[in-house]
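In what follows, a single structure is set out as structure tokens and then discussed.
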Amino acid sequence: MIAGGMLALTLLAGCGQARSGQQAPPQQRTVTVLAAASLTESFDELGKRFTAEHPDVAIQFDYQGSSTLAEQIKQGRPADVFASADDKNMSEVADLVSPPQDFATNRLTIVVPPGNPAHVTSLADLADEELVVCAPQVPCGAATQQVAKAANVGLRPVSEENDVKQVLQKVVAGEADAGLVYVTDAEAAGGRVQSIDFPESSQAVNNYPIATVRDSQQAELANEFVSYVRGPAGREVLGAHGFVP
């Protein structure tokens with residue numbers, strides 16, 4: 001009986017050693033990325049690809065207007081990466097981020113409901129229609145003002161939104177005859193809107209910079225994500241979504 005009991009204890013000890021010798025699953029790390037609303041679809045896809053290659057990493061995206069995100073960083077919001085839809089808002093946080101690196105460009109297009117009930121064909125037509133645009137402090141709003149000035153068209157929007165996705169949604173919902181959004185957003189909307197290109201859009205091409213936040217708690221991973229966005233995978237995904245990488 002004593003010998004049997006000793007054998008059982010030895011086996012249990014051996015099992016305990018085997019279990020303790022197994023490699024524990026890696027602890028998950030989270031990277032917080034603050035990104036312009038127009039990057040939603042492309043960054044969601046890049047995030048899935050990045051985490052597939054880094055199983056111990058989770059990426060938390062927050063998509064809003066670049067001016068809103070820049071203000072949040074200035075107020076001390078914890079984050080690891082900031083991707084802006086223009087240089088101006090990135091410069092607002094220049095002392096709080098690493099030197100920014102460009103990764104894409106974008107330009108405006110006109111979107112109208114399917115069937116184009118207002119028969120919009122040009123930027124000049126928007127002067128007489130119920131138009132929705134981005135607010136001036138938002139990159140797409142600043143671009144709207146630039147193209148209107150270039151075309152000498154006086155726009156009288158019925159609504160100014162805080163980000164480009166809100167503009168798109170108002171057109172999709174039939175709350176406006178037309179809206180000015182980025183080419184990438186029109187493409188993401190698919191058949192929910194019609195897109196009308198206009199030559200003056202070349203007068204306001206938005207540059208997209210990306211940077212790591214200096215106080216990042218995941219600086220190494222943040223730098224890896226920035227490199228991923230600017231690398232082959234980023235160029236492929238961004239190009240597929242209508243950006244010019």
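By order in the structure tokens, chains are A, B, ...; within a chain, residues start at 1; ligands start at 1, following the order shown.
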Exercise: A:Val153 partners within 12 Å, only C-alpha atoms, chain neighbours under 6 positions left out, as a CSV table (one decimal) with C-alpha atoms, in the first residue's frame:
```csv
chain,number,residue,atom,x,y,z
A,122,SER,CA,-20.5,69.4,-62.4
A,123,LEU,CA,-19.2,71.3,-59.4
A,124,ALA,CA,-21.0,74.4,-60.6
A,125,ASP,CA,-24.3,72.6,-60.4
A,126,LEU,CA,-23.9,72.3,-56.6
A,127,ALA,CA,-24.4,76.0,-56.1
A,128,ASP,CA,-28.2,75.5,-56.7
A,144,THR,CA,-14.0,71.6,-50.4
A,145,GLN,CA,-13.2,75.3,-49.9
A,146,GLN,CA,-10.1,75.0,-52.1
A,147,VAL,CA,-11.9,73.4,-55.0
A,200,GLU,CA,-11.3,71.0,-60.1
```
> So which residues touch A:Asn116 within 9 Å, counting only C-alpha atoms, skipping near sequence neighbours fewer than 2 positions away, as a PyMOL selection string?
Replying inline: chain A and resi 111-114+118-120+177-178+193-194
Go ahead and dump the residues you just picked, all heavy atoms, as an mmCIF file, in the first residue's frame.
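Okay, part23.cif is ready:
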```cif
data_model
loop_
_atom_site.group_PDB
_atom_site.id
_atom_site.type_symbol
_atom_site.label_atom_id
_atom_site.label_comp_id
_atom_site.auth_asym_id
_atom_site.auth_seq_id
_atom_site.Cartn_x
_atom_site.Cartn_y
_atom_site.Cartn_z
ATOM 1 N N VAL A 111 -20.853 63.011 -54.750
ATOM 2 C CA VAL A 111 -21.731 61.843 -54.652
ATOM 3 C C VAL A 111 -23.181 62.308 -54.634
ATOM 4 O O VAL A 111 -23.512 63.338 -54.040
ATOM 5 C CB VAL A 111 -21.444 60.984 -53.409
ATOM 6 C CG1 VAL A 111 -20.144 60.217 -53.576
ATOM 7 C CG2 VAL A 111 -21.425 61.802 -52.132
ATOM 8 N N VAL A 112 -24.018 61.552 -55.318
ATOM 9 C CA VAL A 112 -25.454 61.840 -55.392
ATOM 10 C C VAL A 112 -26.211 60.534 -55.161
ATOM 11 O O VAL A 112 -25.646 59.442 -55.313
ATOM 12 C CB VAL A 112 -25.832 62.433 -56.770
ATOM 13 C CG1 VAL A 112 -25.141 63.771 -56.995
ATOM 14 C CG2 VAL A 112 -25.493 61.455 -57.886
ATOM 15 N N PRO A 113 -27.491 60.608 -54.795
ATOM 16 C CA PRO A 113 -28.275 59.380 -54.639
ATOM 17 C C PRO A 113 -28.378 58.636 -55.967
ATOM 18 O O PRO A 113 -28.236 59.239 -57.042
ATOM 19 C CB PRO A 113 -29.643 59.894 -54.181
ATOM 20 C CG PRO A 113 -29.381 61.257 -53.610
ATOM 21 C CD PRO A 113 -28.258 61.808 -54.425
ATOM 22 N N PRO A 114 -28.598 57.327 -55.929
ATOM 23 C CA PRO A 114 -28.750 56.552 -57.170
ATOM 24 C C PRO A 114 -29.806 57.174 -58.092
ATOM 25 O O PRO A 114 -30.876 57.583 -57.645
ATOM 26 C CB PRO A 114 -29.194 55.177 -56.670
ATOM 27 C CG PRO A 114 -28.649 55.089 -55.286
ATOM 28 C CD PRO A 114 -28.724 56.476 -54.734
ATOM 29 N N ALA A 118 -31.271 65.071 -58.942
ATOM 30 C CA ALA A 118 -31.069 66.518 -59.147
ATOM 31 C C ALA A 118 -30.302 66.818 -60.427
ATOM 32 O O ALA A 118 -30.078 67.987 -60.750
ATOM 33 C CB ALA A 118 -30.332 67.116 -57.948
ATOM 34 N N HIS A 119 -29.907 65.774 -61.140
ATOM 35 C CA HIS A 119 -29.195 65.916 -62.431
ATOM 36 C C HIS A 119 -27.906 66.735 -62.297
ATOM 37 O O HIS A 119 -27.624 67.624 -63.103
ATOM 38 C CB HIS A 119 -30.112 66.550 -63.483
ATOM 39 C CG HIS A 119 -31.418 65.826 -63.653
ATOM 40 N ND1 HIS A 119 -31.516 64.553 -64.186
ATOM 41 C CD2 HIS A 119 -32.693 66.191 -63.323
ATOM 42 C CE1 HIS A 119 -32.774 64.159 -64.193
ATOM 43 N NE2 HIS A 119 -33.512 65.133 -63.681
ATOM 44 N N VAL A 120 -27.129 66.422 -61.289
ATOM 45 C CA VAL A 120 -25.847 67.095 -61.068
ATOM 46 C C VAL A 120 -24.820 66.539 -62.051
ATOM 47 O O VAL A 120 -24.672 65.326 -62.195
ATOM 48 C CB VAL A 120 -25.356 66.881 -59.629
ATOM 49 C CG1 VAL A 120 -23.947 67.433 -59.442
ATOM 50 C CG2 VAL A 120 -26.326 67.519 -58.635
ATOM 51 N N ASP A 177 -29.218 66.509 -51.913
ATOM 52 C CA ASP A 177 -29.117 66.234 -53.346
ATOM 53 C C ASP A 177 -27.734 65.744 -53.724
ATOM 54 O O ASP A 177 -27.569 64.990 -54.689
ATOM 55 C CB ASP A 177 -29.428 67.505 -54.152
ATOM 56 C CG ASP A 177 -30.870 67.966 -53.983
ATOM 57 O OD1 ASP A 177 -31.750 67.094 -53.820
ATOM 58 O OD2 ASP A 177 -31.101 69.188 -54.000
ATOM 59 N N ALA A 178 -26.721 66.195 -52.958
ATOM 60 C CA ALA A 178 -25.334 65.851 -53.297
ATOM 61 C C ALA A 178 -24.443 66.095 -52.093
ATOM 62 O O ALA A 178 -24.807 66.797 -51.141
ATOM 63 C CB ALA A 178 -24.855 66.693 -54.480
ATOM 64 N N VAL A 193 -24.565 55.105 -53.718
ATOM 65 C CA VAL A 193 -24.461 56.456 -54.281
ATOM 66 C C VAL A 193 -23.892 56.363 -55.689
ATOM 67 O O VAL A 193 -23.334 55.338 -56.084
ATOM 68 C CB VAL A 193 -23.546 57.379 -53.433
ATOM 69 C CG1 VAL A 193 -24.123 57.624 -52.047
ATOM 70 C CG2 VAL A 193 -22.135 56.800 -53.342
ATOM 71 N N GLN A 194 -24.035 57.447 -56.435
ATOM 72 C CA GLN A 194 -23.342 57.602 -57.713
ATOM 73 C C GLN A 194 -22.235 58.630 -57.525
ATOM 74 O O GLN A 194 -22.395 59.604 -56.779
ATOM 75 C CB GLN A 194 -24.291 58.085 -58.811
ATOM 76 C CG GLN A 194 -25.232 57.007 -59.313
ATOM 77 C CD GLN A 194 -26.114 57.521 -60.435
ATOM 78 O OE1 GLN A 194 -27.315 57.280 -60.454
ATOM 79 N NE2 GLN A 194 -25.537 58.228 -61.388
#
```
> Taking the backbone alone, and naming residues the way the document does, which bits of stretch 88-234 of chain A are helix (DSSP H, G or I) by DSSP, as JSON, numbers by chain?
Replying inline: {"A": [88, 89, 90, 91, 94, 95, 96, 124, 125, 126, 127, 128, 139, 140, 141, 142, 143, 144, 145, 146, 147, 148, 149, 150, 151, 164, 165, 166, 167, 168, 169, 170, 171, 172, 183, 184, 185, 186, 187, 188, 189, 190, 191, 192, 199, 200, 201, 202, 203, 219, 220, 221, 222, 223, 224, 225, 226, 227, 228, 229, 230, 232, 233, 234]}
Can you check which parts of stretch 81-120 of chain A lie within 12 Å of stretch 67-70 of chain A? Per residue, the shortest pair of atoms and distance in Å to one decimal, counting only C-alpha atoms, sorted by chain and number, as JSON lines.
```
{"residue": "A:Val81", "atom": "CA", "partner": "A:Leu69", "partner_atom": "CA", "distance": 10.9}
{"residue": "A:Phe82", "atom": "CA", "partner": "A:Leu69", "partner_atom": "CA", "distance": 8.1}
{"residue": "A:Ala83", "atom": "CA", "partner": "A:Leu69", "partner_atom": "CA", "distance": 9.2}
{"residue": "A:Ser84", "atom": "CA", "partner": "A:Ala70", "partner_atom": "CA", "distance": 8.3}
{"residue": "A:Ala85", "atom": "CA", "partner": "A:Ser67", "partner_atom": "CA", "distance": 9.2}
{"residue": "A:Asp86", "atom": "CA", "partner": "A:Ser67", "partner_atom": "CA", "distance": 9.4}
{"residue": "A:Asp87", "atom": "CA", "partner": "A:Ser67", "partner_atom": "CA", "distance": 10.8}
{"residue": "A:Lys88", "atom": "CA", "partner": "A:Ser67", "partner_atom": "CA", "distance": 8.8}
{"residue": "A:Asn89", "atom": "CA", "partner": "A:Ser67", "partner_atom": "CA", "distance": 5.7}
{"residue": "A:Met90", "atom": "CA", "partner": "A:Ala70", "partner_atom": "CA", "distance": 7.0}
{"residue": "A:Ser91", "atom": "CA", "partner": "A:Ala70", "partner_atom": "CA", "distance": 9.0}
{"residue": "A:Glu92", "atom": "CA", "partner": "A:Ala70", "partner_atom": "CA", "distance": 6.7}
{"residue": "A:Val93", "atom": "CA", "partner": "A:Ala70", "partner_atom": "CA", "distance": 6.3}
{"residue": "A:Ala94", "atom": "CA", "partner": "A:Ala70", "partner_atom": "CA", "distance": 9.9}
{"residue": "A:Asp95", "atom": "CA", "partner": "A:Ala70", "partner_atom": "CA", "distance": 11.6}
{"residue": "A:Leu96", "atom": "CA", "partner": "A:Ala70", "partner_atom": "CA", "distance": 9.9}
{"residue": "A:Val97", "atom": "CA", "partner": "A:Ala70", "partner_atom": "CA", "distance": 10.5}
```
Residues just named, written with C-alpha atoms as a compact mmCIF listing (two decimals), in the first residue's frame:
```txt
# COMPACT_ATOMS: atom_id res chain seq x y z
CA VAL A 81 -0.50 55.83 -33.75
CA PHE A 82 -2.11 58.84 -35.46
CA ALA A 83 -3.02 58.82 -39.16
CA SER A 84 -4.32 62.14 -40.45
CA ALA A 85 -6.09 63.04 -43.69
CA ASP A 86 -3.96 66.15 -44.07
CA ASP A 87 -0.68 67.73 -43.02
CA LYS A 88 -2.31 70.62 -41.17
CA ASN A 89 -3.85 68.53 -38.40
CA MET A 90 -0.72 66.44 -38.07
CA SER A 91 1.26 69.64 -37.58
CA GLU A 92 -1.08 70.54 -34.70
CA VAL A 93 0.47 67.70 -32.69
CA ALA A 94 4.02 67.93 -34.07
CA ASP A 95 5.58 68.05 -30.60
CA LEU A 96 3.57 65.01 -29.43
CA VAL A 97 4.35 62.56 -32.25
```
